[in-house]
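A short worksheet on the structure shown next.
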Amino acid sequence: MSRRRRVLVAGASLAGVRTAETLRDRGFDGEIVLVGAEQQLPYDRPPLSKALLEGQGTADDVRLLTSDQVSALDLDLRLGRRALALDPVRRAVELDDGEALGYDQLVIATGSAPWMPRDWDLFEGIYPLRTVDDCLAIRSALQGSPRVAVVGGGPIGCEVASTARRLGCEVVQIEPLAAPMARVLGTEIALACAEIPLDAGVRLVCGTAVEGFDGGVRVERVRLRDGRMIEADVVVVGIGARPVTDWLFGSGVSVSDGVMCDDRCATSVAGVYAAGDVARWFNPLFEQTMRIEHWTNASEQGAFVARALLDGRQAGSYSPVPFVWSEQYGVKYEVAGVPHPTDRIRIVEGSVAERRFVAVYEREERLTGAFALNSTRSLLKFRRLLARDGAHAERVDVPSISS
Ligand SMILES: Cc1cc2nc3c(=O)[nH]c(=O)nc-3n(C[C@H](O)[C@H](O)[C@H](O)COP(=O)(O)OP(=O)(O)OC[C@H]3O[C@@H](n4cnc5c(N)ncnc54)[C@H](O)[C@@H]3O)c2cc1C
């Protein structure tokens with residue numbers, strides 16, 4: 001009897017789960033081994049800075065898979081096991097318990113991990129936010145309305161600030177740029193949106209960075225580079241993430257701020273693919289390599305890789321329009337395309353005052369992206385335009401509206 005073909009997926013989160021589900025949806029009857037470093041059944045991360053952090057529901061409510069679904073999909077799920085090394089000659093991955101797991105095809109879906117300068121977590125009360133355990137630890141620390149300092153003005157930092165404020169905490173958010181979200185939206189739009197946290201009572205400290213922390217066993221103060229001090233009982237750090245690629249060192253898989261892939265998400269090593277936050281691939285629609293740390297990409301790229309494993313070249317290229325959403329202070333932020341903060345930015349619908357608008361981003365007579373505040377439907381037409389023409393999307397022929 002011939003051996004069943006085995007697909008090994010390293011990383012049991014959104015991208016890895018979508019790969020496994022899509023393989024089964026499309027009739028793959030070989031072995032699927034899903035290896036995940038966390039002890040938990042796979043779960044969804046967006047609620048970790050929103051509903052779950054606020055106290056709504058339990059870890060079970062955010063599962064991507066239940067035990068019954070694991071059985072129904074016939075998955076060999078290895079939780080609490082970390083991939084340590086890849087040997088492409090033997091086609092095997094070494095796990096932290098010494099087992100060498102062979103594969104016919106391998107999917108790298110090890111995601112990203114929060115970035116935290118060494119010595120920042122020496123004090124109790126300073127938290128990163130990536131896992132459900134991080135979320136539950138912060139949730140418990142937010143009880144009793146402590147003074148909270150959020151370090152970083154990206155989407156995760158903004159969502160934590162919003163949630164902590166809803167819970168009645170005194171919140172200070174620290175961001176080195178001119179306003180939260182400026183790295184994503186550009187200074188002008190980010191400054192306009194900064195009214196939203198300010199109205200909710202969040203204190204914004206922008207234009208300076210964190211130098212370090214003071215305290216005893218627990219953190220008591222945040223020290224800023226400009227000499228100011230901020231009193232805090234709880235600090236949440238959201239200053240970016242790095243792709244988890246250390247385990248691939250010496251394997252021959254090409255890595256440069258992510259696992260380098262072609263337009264089919266295939267890596268430099270035969271039979272090895274990558275998906276999700278860890279993958280940097282060539283997106284032919286925008287004629288550039290990109291690595292995206294967003295939910296929609298991890299889901300779609302995981303599914304695409306399954307098709308590429310089964311159909312080879314016939315699966316085509318992976319060429320999505322990048323898309324991310326964020327929810328802060330009851331407001332929905334959505335960004336489509338590849339906008340850059342230095343692009344020309346115009347509000348083409350709604351207004352900042354109404355807290356409902358669409359802004360387009362343009363460079364050299366081309367549309368690069370769009371941002372919608374509480375305007376999901378209106379964003380659709382720009383997503384469609386970008387999906388049709390990508391890097392060659394025409395500038396949008398509508399007048400600007402001043403805010
Ligand atoms: C708090 C939070 C809120 C978010 N909110 C939004 C949002 O509102 N909108 C949005 O678009 N995106 C959001 N995101 C981003 C989105 O959740 C990620 O893009 C998505 O989780 C990426 O999925 P992934 O499977 O590629 O990687 P990950 O989710 O990072 O999963 C990778 C998994 O691999 C495991 N792993 C790592 N190394 C190894 C190893 N060596 N061996 C085995 N397993 C390993 C990890 O433990 C992890 O479980 C949010 C992220 C966070 C953290």
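Starting from 1 in every chain, residues are counted up; chains themselves are A, B, ... following the order of the structure tokens, and ligands are numbered from 1 as listed.
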
Residues near Gln40 of chain A, cut-off 12 Å, only C-alpha atoms, skip fewer than 4 positions along chain, as a ChimeraX atom specification: /A:12-13,35-36,44,59-60,62-67,77-81,131-133

Sel. of strand (DSSP E) residues, segment 5-109 of chain A, as a ChimeraX atom specification: /A:6-10,31-36,75-79,83-87,92-95,100-102,105-108

The selected residues should be written to file as a short mmCIF file (atom, residue, chain, number, x, y, z; two decimals), in the first residue's frame (atoms: C-alpha atoms).
data_model
loop_
_atom_site.label_atom_id
_atom_site.label_comp_id
_atom_site.auth_asym_id
_atom_site.auth_seq_id
_atom_site.Cartn_x
_atom_site.Cartn_y
_atom_site.Cartn_z
CA ARG A 6 1.72 14.44 4.12
CA VAL A 7 1.36 18.21 4.31
CA LEU A 8 3.05 19.64 7.38
CA VAL A 9 1.92 23.09 8.53
CA ALA A 10 4.19 24.89 11.02
CA GLU A 31 -2.25 13.52 6.15
CA ILE A 32 -2.33 17.09 7.50
CA VAL A 33 -0.10 17.70 10.50
CA LEU A 34 -0.57 21.09 12.15
CA VAL A 35 2.15 22.01 14.64
CA GLY A 36 1.57 24.94 17.00
CA LEU A 75 -6.11 16.92 11.49
CA ASP A 76 -3.08 15.63 13.36
CA LEU A 77 -2.87 18.66 15.65
CA ARG A 78 0.32 18.92 17.71
CA LEU A 79 -0.16 21.72 20.23
CA ALA A 83 9.43 23.70 15.10
CA LEU A 84 13.14 24.12 15.79
CA ALA A 85 14.83 23.42 12.46
CA LEU A 86 14.12 22.51 8.86
CA ASP A 87 16.15 19.93 6.95
CA ALA A 92 11.87 16.91 7.80
CA VAL A 93 11.15 19.44 10.53
CA GLU A 94 12.73 18.93 13.93
CA LEU A 95 10.42 19.67 16.87
CA ALA A 100 11.77 14.75 13.27
CA LEU A 101 8.53 15.05 11.30
CA GLY A 102 8.80 14.18 7.63
CA GLN A 105 5.07 19.59 1.35
CA LEU A 106 5.64 22.13 4.11
CA VAL A 107 3.75 25.35 4.85
CA ILE A 108 5.49 27.94 7.01
#

Tyr333 of chain A surroundings by only C-alpha atoms, 9 Å radius, close-in-sequence under 5 positions cut, as a PDB file with N, CA and C atoms, in the first residue's frame:
ATOM      1  N   VAL A 324      -7.133  46.134   5.724  1.00  0.00           N
ATOM      2  CA  VAL A 324      -7.121  45.976   7.183  1.00  0.00           C
ATOM      3  C   VAL A 324      -8.235  46.820   7.794  1.00  0.00           C
ATOM      4  N   TRP A 325      -8.805  46.312   8.879  1.00  0.00           N
ATOM      5  CA  TRP A 325      -9.781  47.117   9.612  1.00  0.00           C
ATOM      6  C   TRP A 325      -9.327  47.230  11.063  1.00  0.00           C
ATOM      7  N   SER A 326      -9.849  48.265  11.707  1.00  0.00           N
ATOM      8  CA  SER A 326      -9.595  48.436  13.139  1.00  0.00           C
ATOM      9  C   SER A 326     -10.839  49.067  13.746  1.00  0.00           C
ATOM     10  N   GLU A 327     -11.126  48.727  15.007  1.00  0.00           N
ATOM     11  CA  GLU A 327     -12.280  49.338  15.678  1.00  0.00           C
ATOM     12  C   GLU A 327     -11.791  50.033  16.933  1.00  0.00           C
ATOM     13  N   GLN A 328     -12.044  51.329  16.987  1.00  0.00           N
ATOM     14  CA  GLN A 328     -11.589  52.121  18.134  1.00  0.00           C
ATOM     15  C   GLN A 328     -12.679  53.107  18.504  1.00  0.00           C
ATOM     16  N   PHE A 371      -8.769  55.133   2.521  1.00  0.00           N
ATOM     17  CA  PHE A 371      -9.053  54.966   3.948  1.00  0.00           C
ATOM     18  C   PHE A 371     -10.507  55.367   4.194  1.00  0.00           C
ATOM     19  N   ALA A 372     -11.234  54.527   4.887  1.00  0.00           N
ATOM     20  CA  ALA A 372     -12.638  54.837   5.178  1.00  0.00           C
ATOM     21  C   ALA A 372     -12.846  54.881   6.683  1.00  0.00           C
ATOM     22  N   LEU A 373     -13.448  55.954   7.158  1.00  0.00           N
ATOM     23  CA  LEU A 373     -13.830  56.051   8.563  1.00  0.00           C
ATOM     24  C   LEU A 373     -15.343  55.901   8.609  1.00  0.00           C
ATOM     25  N   ASN A 374     -15.814  54.847   9.225  1.00  0.00           N
ATOM     26  CA  ASN A 374     -17.263  54.570   9.298  1.00  0.00           C
ATOM     27  C   ASN A 374     -17.915  54.608   7.918  1.00  0.00           C
ATOM     28  N   SER A 375     -17.253  54.133   6.897  1.00  0.00           N
ATOM     29  CA  SER A 375     -17.791  54.207   5.522  1.00  0.00           C
ATOM     30  C   SER A 375     -17.466  52.929   4.757  1.00  0.00           C
ATOM     31  N   THR A 376     -17.845  51.792   5.325  1.00  0.00           N
ATOM     32  CA  THR A 376     -17.483  50.506   4.731  1.00  0.00           C
ATOM     33  C   THR A 376     -17.947  50.376   3.285  1.00  0.00           C
TER      34      THR A 376
END

Contacts of Ser49 of chain A within 8 Å, only C-alpha atoms, excl. fewer than 4 positions in-chain, as a list in words: Arg45, Leu53, Glu54, Leu129, Cys135, Ile156, Glu159, Val160 and Thr163 of chain A

Shell around Cys261 of chain A at 12 Å using only C-alpha atoms, local window under 3 positions removed, as a PyMOL selection string: chain A and resi 107-108+253-258+264-276+278-283+288-291+301+305+317-318

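Close contacts of Asp277 of chain A, defined as residues with an atom at most 6 Å away when counting only C-alpha atoms, with chain neighbours fewer than 2 positions off set aside, comprise A:Gly111, A:Ser112, A:Ala279, A:Ile292, A:Glu293.
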
Residues near segment 200-207 of chain A, cut-off 10 Å, only C-alpha atoms, skip fewer than 6 positions along chain, as a list in words: Ala149, Val150, Val151, Gly152, Gly153, Ala161, Ser162, Ala164, Arg165, Arg166, Gly168, Cys169, Glu170, Val171, Val172, Gln173, Ile174, Glu175, Pro176, Leu177, Ala178, Ala179, Pro180, Ala194, Leu224, Arg225, Asp226, Ile230 and Tyr329 of chain A

Between atom CA of Tyr103 of chain A and atom CA of Arg91 of chain A - distance in Å to one decimal: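 Computing it gives 5.7 Å between the two atoms.
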
Closest of A:Glu231, A:Arg24, A:Gly154, A:Val148 to Met181 of chain A - atom-to-atom distances counting only C-alpha atoms: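 Counting only C-alpha atoms, the residue closest to Met181 of chain A is A:Gly154.
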
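From atom CA of Ser145 of chain A back to atom 30 (O, counted along the ligand's line) of ligand 1, the distance works out to 29.5 Å.
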
Alpha helix (DSSP H) per DSSP on the backbone: members of segment 246-298 of chain A, as a ChimeraX atom specification: /A:295-298

Separation of atom CA of Gly350 of chain A from atom CA of Lys332 of chain A, in Å and rounded to one decimal: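 Spanning atom CA of Gly350 of chain A to atom CA of Lys332 of chain A is a straight-line distance of 14.3 Å.
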
For ligand 1, the nearest of the candidates A:Ala298, A:Ala192, A:Val259, A:Val235, counting only C-alpha atoms and all ligand atoms: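 Distance minimum relative to ligand 1 lands on A:Ala298.
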
Option closest in space to ligand 1, from A:Arg26, A:Arg218, A:Arg242, A:Arg313 [counting only C-alpha atoms and all ligand atoms]: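 Closest to ligand 1, using only C-alpha atoms and all ligand atoms: A:Arg242.
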